[in-house]
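Novice: Right, I'll just put the structure down here and ask away after.
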Amino acid sequence: MSLRLEPLPSSPDRPDPVLELATVVRNDEIAPGAWRITLEAPSIARAAQPGQFAMLTVARRDETAPVLPRPMALYAWDGREGTVDVVYRVVGDGTRVLTTWRPAETMTTVGPLGRPFQLEPRTRSILLIGRGIGICSLTGLAMAARDAGVEVDAVISARVREALIGSQDFARLEVASLTEVTDADGSSGVDRLAGQLASLASGSARWNQVFVCGSERLMRLATEVAKASEASVQVSIEARMACGLGFCHGCATGIVGASEESPLVCVDGPVFVCRWDA
Amino acid sequence: MSPEVDLRVRIGRLELPTPIMPASGCFGPELGTLVDLDRLGALVTKTIFHEPRAGNPAHRLAETAAGMLNSVGIPSIGVERFLIETLPRFTRWSPPTIVSIGGLSVEEYWRLAERLAGVPDIDALELNISCPNLEAGGHEIGADPRAVEAVVAGVRSRTSLPLIVKLTPNVTSIAETAMAAEHAGADALSAVNALLGMSVDARRGIAPLGTVTGGLTGPAIKPVAQRAVLQVVRAVGIPVIGVGGIATLADLVEYLRIGATAVQVGSATFTHPDTMLRLTDELVAWMRERGHASLDEVRSTLDTAGVRHELAAGAPHAAG
């Protein structure tokens, strides 16, 4: 059994990314270790699509380090207000520096980047599965699906309840069902997730498409659940990146022994079609 | 009226509109959606090989103090696809196109040079000699002055394009490889390529890079690169392109003062994609302010004697 990721077809009408000197509107801790930053970046906000990301340069305009910008899923955006929101977890030096950014500061920002999630025209009902910080790439999709009249079942999971990112935002979107799973009972959250998904799937729920963001185990779960509904699965992948545009090849999925370059997460993804081959 | 500032520089017979160009591997025409590439001194391709090849396993990037490590491994679509798919995306911009070439044997450089010799729209070749020589135990070709001489002489005899040889810093004497390249017919040298390095995740006890070791670039390598450029400038008579950790106007001016004719900007483009354009504007403003009409007035103006005088003036007996 192995996991196979295939690029989605690239849409020719997708706008080119832009470099925007974004103004920080706010940057606050929303849960222990999780922060939400709002940037005034009108061009990115106008063009953004669900599943796309932006490169946030953690180094200030007159600074030269940290050298690498951080690829961040667009959590929410508002084309009329001209703002984009990113939710990030403090995991290292870069994100620690990011917490020091204050309103009115100017940040080097590039976006929107990558191939978005694709809702097929005939889709009536979708399942979203996200765990931890991976939930962040699904919120925008939930919004777009609601606007398109598509029914959304969302299953979000985290180690502890406080780390359940987006819980209120999903509730506000009035998704058809919101299932929250934590590791609070001591067992692995992913195991419990499997149980929850199985009971959802055995109910009346039938999905046209399944969208997932999380670990490889979660992707596998998603493909199993999707099988019963004969739904296709799209997954959002994260990777370290340097350029975000496709020229540096830092984020290749990197298949060992291949004679040609493997797909790049930045331009061939970050959303891929996900299959679990026997 | 502000005095005119002339930013033009010559690399062999190639004239560049400005001395600021990207470092190979840290640039692509994709950047043209973000910044105006017509304002650069030259466009430099990622290193291409004669045959298609895959890159290294993930992860290929790691951040370090004031720098970054990469183990991309130079994936290439091969020269034939490069000519059809990639080159036209460079030549639609006005600056000269410099094609970076690599090889896993001395002969691969020659074959590639031969294939590119008659191609219009290529303005110069840069030889990336930091590739492993698979016919000599995988050691860097650029670490062996005899191999460097063989590569450059063979390329020289197959093309009339201006040749830039990009030197590796991973050697005992960079002056020696610089002289070998000059002797074999290089028109210019670029110094330096990435420093071999590694990093370790102390908590998890793993190496973040898929290949464990990789190339260190960014502000962290500037002092090493500048020392190398000084040694190269002193050893050869051909133009030298300074590269390593350039992110600010001060970095750029330092390289010019050491004796670099032009510079390449690498990792800083990742940090702030408009770095090369900012540096161009800042260089013009700086030259105007100081009344410099051309870069000849800045190049090789490092006063090494002055440092000793300052130290003498600060000695305790002088202060008393």
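By convention here, the chains of the structure tokens are called A, B, ... in the order presented, each chain's residues are numbered starting at 1, and ligands are numbered starting at 1 in the order presented.
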Mind listing as an MDAnalysis selection string which residues of chain A are within 7 Å of chain B, counting only C-alpha atoms?
Specialist: chainID A and resid 16:19 57 64:69 108 240 242:243 245 247:256 258:261
Novice: Determine, counting only C-alpha atoms, which protein, DNA and RNA residues have an atom within 9 Å of an atom of Ala228 of chain B; residues of the same chain fewer than 2 positions away are not included. Present the result as a list in words.
Specialist: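 My reading of the contact set: Pro169, Ile174, Ala175, Ala191, Val192, Pro223, Val224, Ala225, Gln226, Leu230, Gln231, Val232 and Val233 of chain B.
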Novice: Output C-alpha atoms of each residue in that selection to a file, as a short mmCIF file (atom, residue, chain, number, x, y, z; two decimals), in the first residue's frame.
Specialist:
```cif
data_model
loop_
_atom_site.label_atom_id
_atom_site.label_comp_id
_atom_site.auth_asym_id
_atom_site.auth_seq_id
_atom_site.Cartn_x
_atom_site.Cartn_y
_atom_site.Cartn_z
CA PRO B 169 34.92 27.85 -1.89
CA ILE B 174 40.96 29.28 -4.35
CA ALA B 175 43.71 31.32 -6.02
CA ALA B 191 33.23 33.65 -6.50
CA VAL B 192 31.89 31.86 -4.60
CA PRO B 223 33.05 37.01 5.38
CA VAL B 224 34.30 33.74 3.86
CA ALA B 225 33.15 34.73 0.37
CA GLN B 226 34.73 38.17 0.62
CA LEU B 230 40.03 39.20 -2.39
CA GLN B 231 42.33 36.22 -2.99
CA VAL B 232 40.92 35.70 -6.48
CA VAL B 233 41.16 39.39 -7.41
#
```
Novice: As a list of chain:residue names, please: all residues of segment 51-128 of chain A that backbone DSSP puts in alpha helix (DSSP H).
Specialist: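 The alpha helix (DSSP H) subset of segment 51-128 of chain A is A:Asp93, A:Gly94, A:Thr95, A:Arg96, A:Val97, A:Leu98.
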Novice: Name the residues in contact with Asn208 of chain A at a cut-off of 12 Å, using only C-alpha atoms, excluding same-chain residues fewer than 5 positions from it; report them as a list in words.
Specialist: Gln118, Leu119, Glu120, Pro121, Arg122, Thr123, Arg124, Ser125, Ile126, Leu127, Leu128, Val150, Glu151, Val152, Asp153, Val225, Ala226, Lys227, Ala228, Ser229, Glu230, Ala231, Ser232, Val233 and Gln234 of chain A
Novice: Could you take the residues named above and write them with C-alpha atoms, as a PDB file, in the first residue's frame?
Specialist:
```
ATOM      1  CA  GLN A 118     -11.141  22.326  -6.854  1.00  0.00           C
ATOM      2  CA  LEU A 119     -14.849  21.954  -6.219  1.00  0.00           C
ATOM      3  CA  GLU A 120     -16.295  20.021  -9.104  1.00  0.00           C
ATOM      4  CA  PRO A 121     -19.342  21.660 -10.726  1.00  0.00           C
ATOM      5  CA  ARG A 122     -21.640  18.763  -9.880  1.00  0.00           C
ATOM      6  CA  THR A 123     -20.579  18.498  -6.239  1.00  0.00           C
ATOM      7  CA  ARG A 124     -23.483  18.841  -3.786  1.00  0.00           C
ATOM      8  CA  SER A 125     -21.894  17.593  -0.576  1.00  0.00           C
ATOM      9  CA  ILE A 126     -18.327  17.521   0.745  1.00  0.00           C
ATOM     10  CA  LEU A 127     -16.428  16.228   3.762  1.00  0.00           C
ATOM     11  CA  LEU A 128     -13.557  18.236   5.264  1.00  0.00           C
ATOM     12  CA  VAL A 150     -22.626  22.920  -1.293  1.00  0.00           C
ATOM     13  CA  GLU A 151     -23.352  21.050   1.933  1.00  0.00           C
ATOM     14  CA  VAL A 152     -20.315  20.765   4.218  1.00  0.00           C
ATOM     15  CA  ASP A 153     -19.572  18.155   6.869  1.00  0.00           C
ATOM     16  CA  VAL A 225     -13.919   7.034   3.989  1.00  0.00           C
ATOM     17  CA  ALA A 226     -14.122   8.388   0.449  1.00  0.00           C
ATOM     18  CA  LYS A 227     -14.249   4.906  -1.029  1.00  0.00           C
ATOM     19  CA  ALA A 228     -17.721   4.193   0.381  1.00  0.00           C
ATOM     20  CA  SER A 229     -19.074   7.352  -1.262  1.00  0.00           C
ATOM     21  CA  GLU A 230     -17.008   6.898  -4.410  1.00  0.00           C
ATOM     22  CA  ALA A 231     -15.716  10.383  -3.734  1.00  0.00           C
ATOM     23  CA  SER A 232     -12.411  11.775  -4.951  1.00  0.00           C
ATOM     24  CA  VAL A 233      -9.912  13.044  -2.365  1.00  0.00           C
ATOM     25  CA  GLN A 234      -7.872  16.231  -2.467  1.00  0.00           C
TER      26      GLN A 234
END
```
Novice: Got a sec: who's within 8 Å of Ser105 of chain B, counting only C-alpha atoms, leaving out chain neighbours fewer than 6 positions off, as an MDAnalysis selection string?
Specialist: chainID B and resid 132:135
Novice: Just list the residues in segment 35-216 of chain A DSSP gives strand (DSSP E or B) on the backbone, as JSON, numbers by chain.
Specialist: {"A": [35, 36, 37, 38, 39, 40, 53, 54, 55, 56, 70, 71, 72, 73, 76, 77, 78, 83, 84, 85, 86, 87, 88, 89, 106, 107, 108, 109, 110, 111, 112, 113, 115, 125, 126, 127, 128, 129, 130, 131, 151, 152, 153, 154, 155, 156, 157, 158, 177, 178, 179, 180, 181, 182, 209, 210, 211, 212, 213]}
Novice: Please list as an MDAnalysis selection string every residue within 10 Å of Thr95 of chain A, counting only C-alpha atoms and excluding residues in the same chain fewer than 4 positions away.
Specialist: chainID A and resid 34:35 58 70 88:91 99:100
Novice: Enter the distance from atom CA of Glu108 of chain B to atom CA of Asp123 of chain B, in Å, rounded to one decimal.
Specialist: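 Separation of atom CA of Glu108 of chain B and atom CA of Asp123 of chain B: 20.3 Å.
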